[in-house]
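Working notes for the structure below.
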Amino acid sequence: MSNYYGNNFGYDNEYQQQYRPNYHGGRGGAQWGVGGFNRHPRPNLEAPVRGNFRGRNNSNRGGPRPQQAATPAAPEVAELPPVPAPKHLSKTTSPLTNDPLYLESFMNELGTEMRKAPINNEVHPGHYGFARIVEEDFKSVCARSHTYGKNISESMHSYYMGMITHIRMLEIHRQNGNILTNAESDLLMQFNCEPYPVTKLFEQYLSGFGNTSIPGSTDCEFVFNKPPNVAANNIIGFFGPLNANAVDYGTYVCPGVLAQRIVEDVFYFQSSPGC
């Protein structure tokens, strides 16, 4: 019993000194020295506090720790072959000059650039509504002047307005760079020498002809599709046979038709009794 409760716990001193040099026996219980064990050890306040309060390492639970992937090595870059030396070296030196390369370019002038070419859109307006406007205009003039209707017939008034309209078309056609015949040029010259007044209503009608622009910044150029000038019944200014030129007769003012109407009115008044 003494060996059990003694200082040696059943071990001799030689064993204690060899294998447990820090042990100090006593009846009050086993005690250890520095770095040893006792029943009531003093707390070590300088010891670090671990996250696992049970004193167990749980880092290996669930399998081994993941290994970090090794950084891949940079690929090897093949070395470029050396630049071969020229076989034939020039023995003459050439002076350094500023070669005007723009002289060999597509646009050989400084300050020029490529731009979108404008599309030449043409507009060919007709004389639609001419007969109705002339009729209303004649009534308006006769209402203001009672002698006008007695001295000027409606056919003569239509011929006058028709020729003014025809001359207006020729003038716009010429201003846009189109070609006129000699007879048409002489007609414009005679018209510009004398004033030919028109009413306000007909002036607004004539101002509607000319170049215009449609939405989208597209310019349209006026072009006068001049009908053929054919003589018939000793009257110049017809468009030819009606069957072959029906579109022109229904679109433009025909000077020959207007002149023929005056001739028929004169023949009617001469043949009527009491005139």
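Every chain in the structure tokens takes a letter, A first, then B, and so on in the order presented; its residues are numbered from 1, and the ligands are numbered from 1 following the presented order.
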For segment 228-274 of chain A against segment 174-193 of chain A, with a cut-off of 12 Å and counting only C-alpha atoms, what is the closest atom pair and its distance in Å to one decimal for every residue that makes the cut, ordered by chain and number, as a Markdown table?
| residue | atom | partner | partner_atom | distance |
| --- | --- | --- | --- | --- |
| A:Asn229 | CA | A:Ala183 | CA | 10.9 |
| A:Ile236 | CA | A:Ala183 | CA | 11.9 |
| A:Gly237 | CA | A:Glu184 | CA | 11.8 |
#### Entry: Distance criterion (only C-alpha atoms): nearest to Val141 of chain A out of A:Asn234, A:Ser90, A:Thr199, A:Asn225
A:Thr199
### Task
Please provide the set of residues having any atom within 12 Å of segment 254-264 of chain A, restricted to only C-alpha atoms, with same-chain residues fewer than 3 positions apart removed, written as a PyMOL selection string.
chain A and resi 126-127+130-131+152-167+226-240+242+245-251+267-271
### Task
Enumerate as a ChimeraX atom specification all residues of segment 81-259 of chain A assigned to helix (DSSP H, G or I) by DSSP on the backbone, naming them with the chain letters and numbers the document uses.
/A:101-104,130-144,146-151,154-175,182-193,200-207,246-251,255-259
### Task
State, in Å with one decimal place, the distance from atom CA of Pro82 of chain A to atom CA of Ser94 of chain A.
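Between atom CA of Pro82 of chain A and atom CA of Ser94 of chain A the gap works out to 26.9 Å.
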### Query
Which residues come within 12 Å of Gly208 of chain A, counting only C-alpha atoms, excluding same-chain residues fewer than 6 positions away, as a list in words?
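Once the nearby chain positions are removed, what remains is Pro125, Gly126, His127, Tyr128, Thr165, Arg168, Met169, Ile172, Leu201, Phe202 and Phe222 of chain A.
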Save out the residues we just selected, all heavy atoms, as a CSV table (one decimal), in the first residue's frame.
chain,number,residue,atom,x,y,z
A,125,PRO,N,-44.5,67.7,-113.5
A,125,PRO,CA,-45.9,68.1,-113.2
A,125,PRO,C,-46.7,68.4,-114.4
A,125,PRO,O,-46.2,68.9,-115.4
A,125,PRO,CB,-45.8,69.3,-112.3
A,125,PRO,CG,-44.5,70.0,-112.8
A,125,PRO,CD,-43.6,68.8,-113.2
A,126,GLY,N,-48.0,68.1,-114.3
A,126,GLY,CA,-48.9,68.4,-115.4
A,126,GLY,C,-49.7,69.6,-115.1
A,126,GLY,O,-49.7,70.2,-114.0
A,127,HIS,N,-50.6,70.0,-116.0
A,127,HIS,CA,-51.4,71.2,-115.9
A,127,HIS,C,-52.8,70.8,-115.4
A,127,HIS,O,-53.8,71.2,-116.0
A,127,HIS,CB,-51.5,72.0,-117.2
A,127,HIS,CG,-50.2,72.4,-117.7
A,127,HIS,ND1,-49.9,72.6,-119.1
A,127,HIS,CD2,-49.0,72.6,-117.1
A,127,HIS,CE1,-48.6,72.9,-119.2
A,127,HIS,NE2,-48.1,73.0,-118.0
A,128,TYR,N,-52.8,70.0,-114.4
A,128,TYR,CA,-54.1,69.5,-113.9
A,128,TYR,C,-54.9,70.6,-113.2
A,128,TYR,O,-54.3,71.4,-112.5
A,128,TYR,CB,-53.9,68.3,-112.9
A,128,TYR,CG,-53.2,67.2,-113.5
A,128,TYR,CD1,-51.8,66.9,-113.2
A,128,TYR,CD2,-53.8,66.3,-114.4
A,128,TYR,CE1,-51.2,65.9,-113.7
A,128,TYR,CE2,-53.1,65.2,-114.9
A,128,TYR,CZ,-51.8,65.0,-114.6
A,128,TYR,OH,-51.1,64.0,-115.1
A,165,THR,N,-49.0,80.0,-119.2
A,165,THR,CA,-48.6,78.7,-118.5
A,165,THR,C,-47.5,78.0,-119.3
A,165,THR,O,-46.5,77.5,-118.7
A,165,THR,CB,-49.8,77.8,-118.3
A,165,THR,OG1,-50.8,78.5,-117.6
A,165,THR,CG2,-49.4,76.5,-117.6
A,168,ARG,N,-44.2,79.8,-118.9
A,168,ARG,CA,-43.7,79.5,-117.5
A,168,ARG,C,-43.0,78.2,-117.5
A,168,ARG,O,-41.9,78.1,-116.9
A,168,ARG,CB,-44.8,79.6,-116.5
A,168,ARG,CG,-44.5,79.1,-115.1
A,168,ARG,CD,-43.5,80.0,-114.4
A,168,ARG,NE,-43.3,79.5,-113.1
A,168,ARG,CZ,-42.3,80.0,-112.3
A,168,ARG,NH1,-41.5,80.9,-112.7
A,168,ARG,NH2,-42.2,79.6,-111.1
A,169,MET,N,-43.5,77.2,-118.1
A,169,MET,CA,-42.9,75.9,-118.1
A,169,MET,C,-41.5,75.9,-118.9
A,169,MET,O,-40.5,75.3,-118.5
A,169,MET,CB,-43.8,74.8,-118.8
A,169,MET,CG,-45.2,74.7,-118.1
A,169,MET,SD,-45.1,74.1,-116.4
A,169,MET,CE,-45.5,75.6,-115.6
A,172,ILE,N,-38.8,77.7,-116.6
A,172,ILE,CA,-38.2,76.8,-115.6
A,172,ILE,C,-37.3,75.7,-116.2
A,172,ILE,O,-36.3,75.4,-115.7
A,172,ILE,CB,-39.3,76.2,-114.7
A,172,ILE,CG1,-40.2,77.3,-114.1
A,172,ILE,CG2,-38.8,75.3,-113.7
A,172,ILE,CD1,-41.4,76.8,-113.3
A,201,LEU,N,-55.2,85.0,-108.5
A,201,LEU,CA,-55.5,83.6,-108.5
A,201,LEU,C,-54.6,82.8,-109.4
A,201,LEU,O,-54.1,81.7,-109.0
A,201,LEU,CB,-57.0,83.4,-108.8
A,201,LEU,CG,-57.5,81.9,-109.0
A,201,LEU,CD1,-57.3,81.2,-107.6
A,201,LEU,CD2,-58.9,81.9,-109.5
A,202,PHE,N,-54.4,83.3,-110.6
A,202,PHE,CA,-53.6,82.5,-111.6
A,202,PHE,C,-52.1,82.7,-111.3
A,202,PHE,O,-51.3,81.8,-111.6
A,202,PHE,CB,-53.9,83.1,-113.0
A,202,PHE,CG,-53.6,82.1,-114.1
A,202,PHE,CD1,-54.4,81.0,-114.3
A,202,PHE,CD2,-52.4,82.2,-114.8
A,202,PHE,CE1,-54.1,80.1,-115.3
A,202,PHE,CE2,-52.1,81.2,-115.8
A,202,PHE,CZ,-53.0,80.2,-116.0
A,222,PHE,N,-37.4,70.1,-111.6
A,222,PHE,CA,-38.5,70.2,-112.6
A,222,PHE,C,-38.0,70.0,-114.0
A,222,PHE,O,-37.0,70.6,-114.4
A,222,PHE,CB,-39.2,71.6,-112.5
A,222,PHE,CG,-40.2,71.9,-113.5
A,222,PHE,CD1,-41.5,71.5,-113.3
A,222,PHE,CD2,-39.9,72.5,-114.7
A,222,PHE,CE1,-42.5,71.7,-114.3
A,222,PHE,CE2,-40.9,72.8,-115.7
A,222,PHE,CZ,-42.2,72.3,-115.5
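The space between atom CA of Pro241 of chain A and atom CA of Val253 of chain A spans 15.5 Å.
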